[in-house]
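Just protein_35.cif here, mmCIF, C-alpha atoms and all ligand atoms:
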data_my_file
loop_
_atom_site.group_PDB
_atom_site.id
_atom_site.type_symbol
_atom_site.label_atom_id
_atom_site.label_comp_id
_atom_site.auth_asym_id
_atom_site.auth_seq_id
_atom_site.Cartn_x
_atom_site.Cartn_y
_atom_site.Cartn_z
ATOM 1 C CA MET A 217 2.960 -18.310 -13.799
ATOM 2 C CA ASN A 218 3.275 -15.166 -11.736
ATOM 3 C CA LYS A 219 0.593 -14.118 -9.302
ATOM 4 C CA LYS A 220 -1.210 -10.791 -9.705
ATOM 5 C CA LEU A 221 -0.983 -7.910 -7.287
ATOM 6 C CA ILE A 222 -3.493 -5.119 -7.861
ATOM 7 C CA ILE A 223 -2.406 -1.911 -6.148
ATOM 8 C CA LEU A 224 -5.161 0.659 -5.620
ATOM 9 C CA PHE A 225 -3.563 4.082 -5.607
ATOM 10 C CA GLY A 226 -5.152 7.459 -4.969
ATOM 11 C CA ALA A 227 -5.857 10.211 -2.479
ATOM 12 C CA PRO A 228 -7.998 9.638 0.618
ATOM 13 C CA GLY A 229 -11.613 10.024 -0.470
ATOM 14 C CA SER A 230 -10.748 9.351 -4.133
ATOM 15 C CA GLY A 231 -13.030 6.312 -4.184
ATOM 16 C CA LYS A 232 -10.313 3.665 -4.457
ATOM 17 C CA GLY A 233 -11.787 1.634 -1.594
ATOM 18 C CA TYR A 234 -15.175 1.530 -3.313
ATOM 19 C CA LEU A 235 -13.451 0.533 -6.567
ATOM 20 C CA GLY A 236 -11.789 -2.277 -4.606
ATOM 21 C CA ASP A 237 -15.221 -3.427 -3.383
ATOM 22 C CA CYS A 238 -16.476 -3.492 -6.989
ATOM 23 C CA ILE A 239 -13.458 -5.557 -8.125
ATOM 24 C CA LYS A 240 -14.162 -8.017 -5.289
ATOM 25 C CA GLU A 241 -17.804 -8.292 -6.412
ATOM 26 C CA GLU A 242 -16.762 -8.821 -10.054
ATOM 27 C CA LEU A 243 -14.330 -11.564 -9.069
ATOM 28 C CA LYS A 244 -16.923 -13.300 -6.887
ATOM 29 C CA SER A 245 -19.677 -13.111 -9.511
ATOM 30 C CA SER A 246 -17.335 -14.636 -12.106
ATOM 31 C CA GLY A 247 -16.771 -17.538 -9.710
ATOM 32 C CA ASN A 248 -13.220 -16.580 -8.771
ATOM 33 C CA ASN A 249 -12.640 -16.787 -5.033
ATOM 34 C CA ASP A 250 -8.888 -17.246 -5.248
ATOM 35 C CA PHE A 251 -8.161 -13.684 -4.153
ATOM 36 C CA LEU A 252 -7.185 -11.818 -1.010
ATOM 37 C CA TYR A 253 -8.179 -8.233 -0.244
ATOM 38 C CA ILE A 254 -5.491 -6.554 1.829
ATOM 39 C CA SER A 255 -6.370 -3.270 3.523
ATOM 40 C CA THR A 256 -3.774 -1.907 5.928
ATOM 41 C CA GLY A 257 -6.508 -0.606 8.253
ATOM 42 C CA ASP A 258 -8.091 -4.068 8.453
ATOM 43 C CA LEU A 259 -4.713 -5.735 9.041
ATOM 44 C CA LEU A 260 -3.964 -3.451 11.986
ATOM 45 C CA ARG A 261 -7.432 -3.959 13.503
ATOM 46 C CA ALA A 262 -7.200 -7.756 13.067
ATOM 47 C CA GLU A 263 -3.795 -7.877 14.754
ATOM 48 C CA ILE A 264 -5.103 -5.866 17.727
ATOM 49 C CA LYS A 265 -8.143 -8.134 17.986
ATOM 50 C CA ALA A 266 -5.945 -11.269 17.940
ATOM 51 C CA GLN A 267 -3.965 -9.769 20.854
ATOM 52 C CA THR A 268 -0.641 -11.062 19.526
ATOM 53 C CA LYS A 269 2.574 -9.548 20.892
ATOM 54 C CA LEU A 270 2.623 -7.210 17.879
ATOM 55 C CA GLY A 271 -1.120 -6.543 18.247
ATOM 56 C CA LYS A 272 -0.652 -5.348 21.830
ATOM 57 C CA GLU A 273 2.170 -3.083 20.692
ATOM 58 C CA ILE A 274 -0.017 -1.618 17.904
ATOM 59 C CA GLU A 275 -2.882 -1.066 20.349
ATOM 60 C CA LYS A 276 -0.573 0.955 22.602
ATOM 61 C CA ILE A 277 0.604 3.136 19.695
ATOM 62 C CA VAL A 278 -2.902 3.725 18.297
ATOM 63 C CA SER A 279 -4.465 4.555 21.655
ATOM 64 C CA SER A 280 -1.728 7.112 22.312
ATOM 65 C CA GLY A 281 -2.772 8.824 19.071
ATOM 66 C CA LYS A 282 0.513 8.085 17.308
ATOM 67 C CA LEU A 283 0.948 6.672 13.795
ATOM 68 C CA VAL A 284 1.943 3.042 13.433
ATOM 69 C CA SER A 285 5.469 2.856 12.002
ATOM 70 C CA ASP A 286 6.357 1.871 8.439
ATOM 71 C CA THR A 287 8.167 -1.196 9.754
ATOM 72 C CA ILE A 288 5.093 -2.578 11.535
ATOM 73 C CA VAL A 289 2.701 -1.897 8.627
ATOM 74 C CA SER A 290 5.192 -3.457 6.190
ATOM 75 C CA GLU A 291 5.587 -6.546 8.340
ATOM 76 C CA LEU A 292 1.817 -7.138 8.295
ATOM 77 C CA VAL A 293 1.459 -6.479 4.548
ATOM 78 C CA MET A 294 4.398 -8.758 3.697
ATOM 79 C CA LYS A 295 2.865 -11.557 5.801
ATOM 80 C CA ALA A 296 -0.404 -11.157 3.848
ATOM 81 C CA LEU A 297 1.429 -11.172 0.514
ATOM 82 C CA THR A 298 2.951 -14.584 1.242
ATOM 83 C CA GLN A 299 -0.564 -16.102 1.294
ATOM 84 C CA PRO A 300 -1.185 -18.570 -1.566
ATOM 85 C CA HIS A 301 -3.991 -16.616 -3.352
ATOM 86 C CA THR A 302 -3.438 -16.030 -7.092
ATOM 87 C CA ILE A 303 -4.828 -12.479 -6.994
ATOM 88 C CA LYS A 304 -4.161 -9.951 -4.240
ATOM 89 C CA ILE A 305 -5.726 -6.521 -4.012
ATOM 90 C CA LEU A 306 -3.838 -3.986 -1.929
ATOM 91 C CA ASP A 307 -5.587 -0.890 -0.570
ATOM 92 C CA GLY A 308 -3.716 1.791 1.380
ATOM 93 C CA TYR A 309 -0.186 0.629 0.586
ATOM 94 C CA PRO A 310 2.432 1.838 -0.366
ATOM 95 C CA ARG A 311 2.104 5.271 1.233
ATOM 96 C CA THR A 312 5.750 6.106 1.834
ATOM 97 C CA GLU A 313 9.051 5.639 0.016
ATOM 98 C CA PHE A 314 10.046 2.936 2.507
ATOM 99 C CA GLN A 315 6.869 0.978 1.737
ATOM 100 C CA MET A 316 7.395 1.513 -2.000
ATOM 101 C CA PHE A 317 10.781 -0.214 -1.916
ATOM 102 C CA ASP A 318 9.330 -2.996 0.203
ATOM 103 C CA ILE A 319 6.630 -3.709 -2.353
ATOM 104 C CA ILE A 320 9.147 -3.868 -5.213
ATOM 105 C CA ALA A 321 11.276 -6.291 -3.204
ATOM 106 C CA ALA A 322 8.182 -8.395 -2.449
ATOM 107 C CA ARG A 323 7.170 -8.421 -6.129
ATOM 108 C CA ASP A 324 10.504 -9.968 -7.074
ATOM 109 C CA MET A 325 10.764 -12.291 -4.099
ATOM 110 C CA LEU A 326 7.201 -13.611 -4.299
ATOM 111 C CA ALA A 327 6.886 -13.537 -8.123
ATOM 112 C CA HIS A 328 3.909 -11.181 -8.387
ATOM 113 C CA ASP A 329 3.074 -8.981 -11.400
ATOM 114 C CA ILE A 330 1.900 -5.539 -10.337
ATOM 115 C CA ILE A 331 -1.224 -4.021 -11.858
ATOM 116 C CA SER A 332 -1.421 -0.462 -10.555
ATOM 117 C CA ILE A 333 -4.649 1.481 -10.713
ATOM 118 C CA LYS A 334 -4.816 5.138 -9.859
ATOM 119 C CA ARG A 335 -8.124 6.745 -9.003
ATOM 120 C CA HIS A 336 -7.577 10.290 -10.206
ATOM 121 C CA THR A 337 -10.081 12.461 -8.362
ATOM 122 C CA SER A 338 -9.990 16.237 -7.988
ATOM 123 C CA VAL A 339 -9.653 17.769 -4.535
ATOM 124 C CA ASP A 340 -12.989 19.578 -5.032
ATOM 125 C CA LEU A 341 -14.813 16.326 -5.717
ATOM 126 C CA ILE A 342 -13.116 14.599 -2.769
ATOM 127 C CA LYS A 343 -14.188 17.385 -0.401
ATOM 128 C CA GLU A 344 -17.717 17.335 -1.789
ATOM 129 C CA ARG A 345 -17.945 13.547 -1.325
ATOM 130 C CA VAL A 346 -16.477 13.608 2.152
ATOM 131 C CA SER A 347 -18.749 16.415 3.331
ATOM 132 C CA ASN A 348 -21.741 14.331 2.188
ATOM 133 C CA ARG A 349 -20.570 11.088 3.782
ATOM 134 C CA ARG A 350 -21.691 9.854 7.192
ATOM 135 C CA ILE A 351 -21.127 6.675 9.156
ATOM 136 C CA CYS A 352 -23.627 4.969 11.476
ATOM 137 C CA ARG A 353 -22.599 5.084 15.123
ATOM 138 C CA ASN A 354 -24.196 1.656 15.693
ATOM 139 C CA CYS A 355 -23.545 -0.551 12.642
ATOM 140 C CA LYS A 356 -20.765 1.538 10.987
ATOM 141 C CA ALA A 357 -22.556 1.505 7.586
ATOM 142 C CA THR A 358 -21.522 4.377 5.318
ATOM 143 C CA HIS A 359 -24.380 6.509 4.022
ATOM 144 C CA SER A 360 -25.225 9.957 2.706
ATOM 145 C CA VAL A 361 -25.914 12.980 4.899
ATOM 146 C CA ALA A 362 -29.219 13.284 3.010
ATOM 147 C CA ASP A 363 -30.406 10.015 4.630
ATOM 148 C CA GLY A 364 -30.604 11.724 8.007
ATOM 149 C CA CYS A 365 -30.134 8.612 10.131
ATOM 150 C CA CYS A 366 -28.725 5.211 9.130
ATOM 151 C CA PRO A 367 -30.845 3.576 6.384
ATOM 152 C CA LYS A 368 -29.789 0.096 7.614
ATOM 153 C CA CYS A 369 -30.562 0.232 11.324
ATOM 154 C CA GLY A 370 -31.939 3.716 11.976
ATOM 155 C CA GLY A 371 -28.959 4.536 14.201
ATOM 156 C CA PRO A 372 -27.522 8.042 14.581
ATOM 157 C CA SER A 373 -25.085 9.170 11.904
ATOM 158 C CA GLU A 374 -21.797 10.947 12.453
ATOM 159 C CA ILE A 375 -18.877 12.146 10.357
ATOM 160 C CA ARG A 376 -16.079 9.577 10.011
ATOM 161 C CA LYS A 377 -13.099 10.359 12.241
ATOM 162 C CA ASP A 378 -10.705 10.284 9.274
ATOM 163 C CA ASP A 379 -13.059 12.446 7.168
ATOM 164 C CA ALA A 380 -12.978 15.141 9.841
ATOM 165 C CA VAL A 381 -9.239 15.547 9.195
ATOM 166 C CA ILE A 382 -9.422 15.265 5.390
ATOM 167 C CA ASP A 383 -7.389 18.448 4.723
ATOM 168 C CA ALA A 384 -4.431 17.134 6.706
ATOM 169 C CA ARG A 385 -4.708 13.711 5.042
ATOM 170 C CA LEU A 386 -4.787 15.259 1.570
ATOM 171 C CA LYS A 387 -1.687 17.297 2.359
ATOM 172 C CA GLU A 388 0.087 14.204 3.648
ATOM 173 C CA TYR A 389 -0.886 12.309 0.482
ATOM 174 C CA GLU A 390 0.353 15.084 -1.801
ATOM 175 C CA LYS A 391 3.654 15.354 0.012
ATOM 176 C CA ASN A 392 4.539 11.697 0.644
ATOM 177 C CA THR A 393 2.390 9.379 -1.473
ATOM 178 C CA GLU A 394 1.551 11.053 -4.795
ATOM 179 C CA PRO A 395 5.282 11.358 -5.752
ATOM 180 C CA LEU A 396 5.551 7.546 -5.505
ATOM 181 C CA TRP A 397 3.215 7.030 -8.471
ATOM 182 C CA TYR A 398 6.000 7.390 -11.042
ATOM 183 C CA GLU A 399 8.084 4.753 -9.282
ATOM 184 C CA LEU A 400 5.080 2.450 -9.045
ATOM 185 C CA VAL A 401 4.319 2.796 -12.779
ATOM 186 C CA LYS A 402 7.934 1.933 -13.622
ATOM 187 C CA ASN A 403 7.575 -1.268 -11.632
ATOM 188 C CA SER A 404 4.128 -2.318 -12.849
ATOM 189 C CA GLY A 405 3.265 -4.682 -15.683
ATOM 190 C CA VAL A 406 -0.009 -2.869 -16.319
ATOM 191 C CA THR A 407 -1.048 0.655 -15.322
ATOM 192 C CA LEU A 408 -4.509 2.141 -15.418
ATOM 193 C CA VAL A 409 -5.516 5.695 -14.565
ATOM 194 C CA ALA A 410 -9.233 5.968 -13.843
ATOM 195 C CA ASP A 411 -11.069 9.255 -13.650
ATOM 196 C CA GLY A 412 -12.680 9.803 -10.262
ATOM 197 C CA ARG A 413 -16.046 10.516 -11.859
ATOM 198 C CA SER A 414 -16.148 7.307 -13.901
ATOM 199 C CA GLU A 415 -18.464 4.548 -12.722
ATOM 200 C CA ALA A 416 -16.555 2.173 -10.420
ATOM 201 C CA LYS A 417 -18.647 -0.837 -11.483
ATOM 202 C CA HIS A 418 -17.672 -0.330 -15.148
ATOM 203 C CA LEU A 419 -14.028 0.151 -14.214
ATOM 204 C CA ALA A 420 -14.119 -3.098 -12.258
ATOM 205 C CA LYS A 421 -15.316 -4.916 -15.398
ATOM 206 C CA ASP A 422 -12.409 -3.427 -17.410
ATOM 207 C CA ILE A 423 -9.984 -4.510 -14.711
ATOM 208 C CA MET A 424 -11.418 -8.047 -14.879
ATOM 209 C CA CYS A 425 -10.622 -8.089 -18.625
ATOM 210 C CA ILE A 426 -7.029 -7.150 -17.856
ATOM 211 C CA LEU A 427 -6.808 -9.880 -15.231
ATOM 212 C CA LEU A 428 -8.317 -12.531 -17.493
ATOM 213 C CA ALA A 429 -6.032 -11.574 -20.364
ATOM 214 C CA LYS A 430 -2.952 -11.743 -18.179
ATOM 215 C CA VAL A 431 -3.661 -14.572 -15.712
HETATM 216 ZN ZN ZN A 501 -26.699 1.600 11.224
#
For this file, produce the structure as structure tokens.
Ligand SMILES: [Zn+2]
Amino acid sequence: MNKKLIILFGAPGSGKGYLGDCIKEELKSSGNNDFLYISTGDLLRAEIKAQTKLGKEIEKIVSSGKLVSDTIVSELVMKALTQPHTIKILDGYPRTEFQMFDIIAARDMLAHDIISIKRHTSVDLIKERVSNRRICRNCKATHSVADGCCPKCGGPSEIRKDDAVIDARLKEYEKNTEPLWYELVKNSGVTLVADGRSEAKHLAKDIMCILLAKV
């Protein structure tokens, strides 16, 4: 039986990461731990921390303020996709046409069925959310600007570095990533478009139904 690859698609700030967290929680609470959550940001950070040859290279690129190349990101994602877990959840990939073709090749090579989920959130709502979001300088917990300081540790809050450049990231998404959706749908077994205002916890339950019906 094929493995399942859930691809979380959507603009930065659309809430796809939070939806991913809710899917993880749903899987765990139903007793299913045979899954792997793959976030490209986490993969890059882990590689740097492990100080592998590639990790040192990535560190150099990141600290010079440049973007890590498609080839490097793809290499890390492909390595994660070869892991034995039955369910994989992919957040932040594919972002470019190059990565799109890589994921289709991986689907065929590694016998995964793609379930693509798009978080469809308006630009107005994204900007509203982002302008209300803060991160703790100490413990990195995300919280609301209304909290004042961090509700977890009382540390000072600041705007996330990537939130500060949200306009540029939205433009980049519109130009390079959003056009890939059609191609992704064509190559998916199941497609779901979720309104950005709908409750992520409820969506996660619906997604579990899809997984259970198809696994
Ligand atoms: Zn804190």
>> Any residue with an atom at most 6 Å from ligand ZN 501 (chain A) counts, using all atoms listed in the file. Which are they? Put them as an NGL selection string.
In response: :A and (352 or 354-357 or 366 or 368-371)
>> What's around stretch 233-249 of chain A at 7 Å? Count all atoms listed in the file, leave out sequence neighbours fewer than 5 positions away in its own chain, and write the answer as a ChimeraX atom specification.
In response: /A:307,416-417,420-421
>> To test your reading of the syntax: which residues would the PyMOL selection byres (((chain A and resi 255) around 9) and not hetatm) return for the file shown? Reply as a PyMOL selection string.
In response: chain A and resi 233+253-254+256-260+293+305-309
> Taking all atoms listed in the file into account, which of A:Ala266, A:Ser279, A:Asp324, A:Leu221 comes nearest A:Ala296?
Replying inline: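 Checking each of A:Ala266, A:Ser279, A:Asp324, A:Leu221 against A:Ala296, counting all atoms listed in the file, the winner is A:Leu221.
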>> Suppose a student applies the PyMOL selection byres (((chain A and resi 413-415) around 12) and not hetatm) to this structure; what residues should they get, written as a PyMOL selection string?
In response: chain A and resi 230-232+234-235+238+335-338+340-342+345+409-412+416-422
Because some atoms of stretch 383-396 of chain A are absent here, can you restore N, CA and C atoms and send them as a PDB file, keeping the file's coordinate frame?
ATOM      1  N   ASP A 383      -8.379  17.491   5.252  1.00  0.00           N
ATOM      2  CA  ASP A 383      -7.389  18.448   4.723  1.00  0.00           C
ATOM      3  C   ASP A 383      -5.960  17.994   5.042  1.00  0.00           C
ATOM      4  N   ALA A 384      -5.763  17.578   6.282  1.00  0.00           N
ATOM      5  CA  ALA A 384      -4.431  17.134   6.706  1.00  0.00           C
ATOM      6  C   ALA A 384      -4.035  15.862   5.948  1.00  0.00           C
ATOM      7  N   ARG A 385      -5.013  14.968   5.740  1.00  0.00           N
ATOM      8  CA  ARG A 385      -4.708  13.711   5.042  1.00  0.00           C
ATOM      9  C   ARG A 385      -4.376  13.961   3.573  1.00  0.00           C
ATOM     10  N   LEU A 386      -5.072  14.930   2.972  1.00  0.00           N
ATOM     11  CA  LEU A 386      -4.787  15.259   1.570  1.00  0.00           C
ATOM     12  C   LEU A 386      -3.384  15.843   1.429  1.00  0.00           C
ATOM     13  N   LYS A 387      -3.024  16.688   2.385  1.00  0.00           N
ATOM     14  CA  LYS A 387      -1.687  17.297   2.359  1.00  0.00           C
ATOM     15  C   LYS A 387      -0.612  16.223   2.482  1.00  0.00           C
ATOM     16  N   GLU A 388      -0.831  15.320   3.412  1.00  0.00           N
ATOM     17  CA  GLU A 388       0.087  14.204   3.648  1.00  0.00           C
ATOM     18  C   GLU A 388       0.239  13.349   2.381  1.00  0.00           C
ATOM     19  N   TYR A 389      -0.896  13.088   1.718  1.00  0.00           N
ATOM     20  CA  TYR A 389      -0.886  12.309   0.482  1.00  0.00           C
ATOM     21  C   TYR A 389      -0.074  13.012  -0.605  1.00  0.00           C
ATOM     22  N   GLU A 390      -0.336  14.311  -0.767  1.00  0.00           N
ATOM     23  CA  GLU A 390       0.353  15.084  -1.801  1.00  0.00           C
ATOM     24  C   GLU A 390       1.863  15.099  -1.584  1.00  0.00           C
ATOM     25  N   LYS A 391       2.238  15.217  -0.316  1.00  0.00           N
ATOM     26  CA  LYS A 391       3.654  15.354   0.012  1.00  0.00           C
ATOM     27  C   LYS A 391       4.387  14.005  -0.072  1.00  0.00           C
ATOM     28  N   ASN A 392       3.800  12.957   0.508  1.00  0.00           N
ATOM     29  CA  ASN A 392       4.539  11.697   0.644  1.00  0.00           C
ATOM     30  C   ASN A 392       4.134  10.580  -0.314  1.00  0.00           C
ATOM     31  N   THR A 393       2.854  10.543  -0.714  1.00  0.00           N
ATOM     32  CA  THR A 393       2.390   9.379  -1.473  1.00  0.00           C
ATOM     33  C   THR A 393       2.324   9.639  -2.979  1.00  0.00           C
ATOM     34  N   GLU A 394       1.712  10.746  -3.366  1.00  0.00           N
ATOM     35  CA  GLU A 394       1.551  11.053  -4.795  1.00  0.00           C
ATOM     36  C   GLU A 394       2.882  10.966  -5.568  1.00  0.00           C
ATOM     37  N   PRO A 395       4.010  11.458  -5.022  1.00  0.00           N
ATOM     38  CA  PRO A 395       5.282  11.358  -5.752  1.00  0.00           C
ATOM     39  C   PRO A 395       5.744   9.918  -6.017  1.00  0.00           C
ATOM     40  N   LEU A 396       5.136   8.939  -5.317  1.00  0.00           N
ATOM     41  CA  LEU A 396       5.551   7.546  -5.505  1.00  0.00           C
ATOM     42  C   LEU A 396       4.950   6.930  -6.765  1.00  0.00           C
TER      43      LEU A 396
END
